[in-house]
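Data block below; observations after.
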Amino acid sequence: MLSRRDFLAGATAALATTLPVHLGHAANAGTGLNEVARRSGRIFGAAVRMDQVAAEPRLADAIASQCGMLTPEIHLKWNSIEYRKGQVWYQPVDALVKHARRQGQMIYGHTLIWEQGTPDWALHHLHHEKDWDFIAAHFERLLKRYRADIPVWDVVNEPIDTQNGSNGLRRNTFQRIFGSGYIEQALHTARHFAPEAKLMLNDYSFEYDNYVEADRRRAFLKLLEKLKAKGVPLDGVGIQAHLDLGKGPLRHQTIAPFLQAIADMGLEIYITELDVKERDYRATAAIRDQRVADEVARYLDIALDQRAVKGVTTWGLSDKHSWLKVERGDRVDRRRYGNPAPNRGLPYDVSMKPKLMYKALERSLGGSLS
């Protein structure tokens, strides 16, 4: 993570010089993937970091021309906002909000509660004080500050764990201290401070036909049913959709009923973190790109048949910034599967040239909701 000093000395200066030039491209914002999505009543977006946008003109141009919605990749998480107790750092999010406002883009709020996105000092405080008002104060700061600019929020991120969890819920700090009702409490707290926002739960690994993901789908639906039955304020869900070429085929009979069950509860669905994890890196770039594009097309052809799916966000635009190249790279048997750097699972390559995944998105987003 960038230090505050590095960000303020570099990216903020770039905002004052570089970005206004590229804002001239905002007139093109209706000609790319978001325009295609808009014609079918949806929105397309990407996760971004403002420091990268400020430093890379071609990335800034692509975001301006392709996206109607931007998700702060890291800078809305608690451990970025307040890495050290009392030292609050809003600058990256403020810069992104300002940028999006000038582009006519929406901000998707990610995220209020996530174990891995919570600073150590806050986790330590919670263990010792068991104080929900402490969490509520964090919610209040963010939700009130960005009330006019962020209409959708992931209130709880990744609450499901069917392998090591408790009744399907992850044994995170919040669950251990406040019990499984922390999810309900978080949603009520968020509604109190953001009465007009759409409140979401966001989670992963619901796509493939294996016993782990089948259990995760059941646990997630059970949670949603419980919350809805109790009248808890929940407006929708985020389905991360980190696709994986090593997990076998995507099946309509697996994905479609799951999405339909969510829709039947009156909930909206956003695909929030779409990308593709490769497994075999030995083929040419062209073949690898075709495999990625085919997987995206297979998934979206199923998912976008569901009217409740309102938007698609990729977790980044360019392979250069993909979390997968760092997260998975050293785990690959290079002698068997080849060099994984970089993973080619996003719409643009490291040089910001659109790939076949871009075309797959364009085709799938162009489908009709009627």
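Chain labels follow the order of the structure tokens: the first chain is A, the next B, and so on; residue numbering restarts at 1 in every chain, and ligands are counted from 1 in their shown order.
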
Could you give me, as a Markdown table, a per-residue list for region 167-236 of chain A showing, wherever an atom lies at most 8 Å from an atom of region 121-137 of chain A, the closest pair of atoms and their distance in Å to one decimal, using only C-alpha atoms and sorting by chain then residue number from low to high?
```
| residue | atom | partner | partner_atom | distance |
| --- | --- | --- | --- | --- |
| A:Thr173 | CA | A:Leu123 | CA | 7.0 |
| A:Ile177 | CA | A:Lys130 | CA | 6.3 |
| A:Phe178 | CA | A:Lys130 | CA | 7.5 |
| A:Thr189 | CA | A:Ala136 | CA | 6.4 |
```

Would you mind listing what lies within 12 Å of Glu295 (chain A) as a PyMOL selection string, with only C-alpha atoms counted and same-chain residues fewer than 4 positions away left out? chain A and resi 207-208+241-251+274-278+288-291+299-302+345-346+356-357+360-361+364

List every residue of region 107-236 of chain A that DSSP, applied to the backbone of this structure, places in strand (DSSP E), and write the result as number ranges by chain. A: 107-113, 152-157, 198-203, 236

Give me, as a list in words, all polymer residues having an atom no more than 12 Å from Leu267 (chain A), counting only C-alpha atoms and skipping those fewer than 3 positions away in the same chain. Lys198, Leu199, Met200, Leu201, Leu221, Leu224, Glu225, Leu227, Lys228, Pro233, Leu234, Asp235, Gly236, Val237, Gly238, Leu259, Gln260, Ala261, Ile262, Ala263, Asp264, Tyr270, Gln306, Arg307, Ala308, Val309 and Lys310 of chain A

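Put simply, CA of Ile255 (chain A) is 28.8 Å away from CA of Ala285 (chain A).
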
How many Å lie between CA of Gly179 (chain A) and CA of Gly266 (chain A), rounded to one decimal? 26.3 Å

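We find CA of Arg344 (chain A) and CA of Val292 (chain A) to be spaced 7.5 Å apart.
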
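When only C-alpha atoms are used to measure the gap to Ile271 (chain A), the shortest distance among A:Ile74, A:Gly68, A:Gly32, A:Ile43 belongs to A:Ile43.
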
Which residue of A:Met50, A:Leu324, A:Ala194, A:Leu143 approaches Leu112 (chain A) most closely, using only C-alpha atoms: A:Leu143

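Take the candidates A:Ile81, A:Ala46, A:Ile63, A:Ala95 and check each one against Thr111 (chain A) using only C-alpha atoms; the shortest distance goes to A:Ile81.
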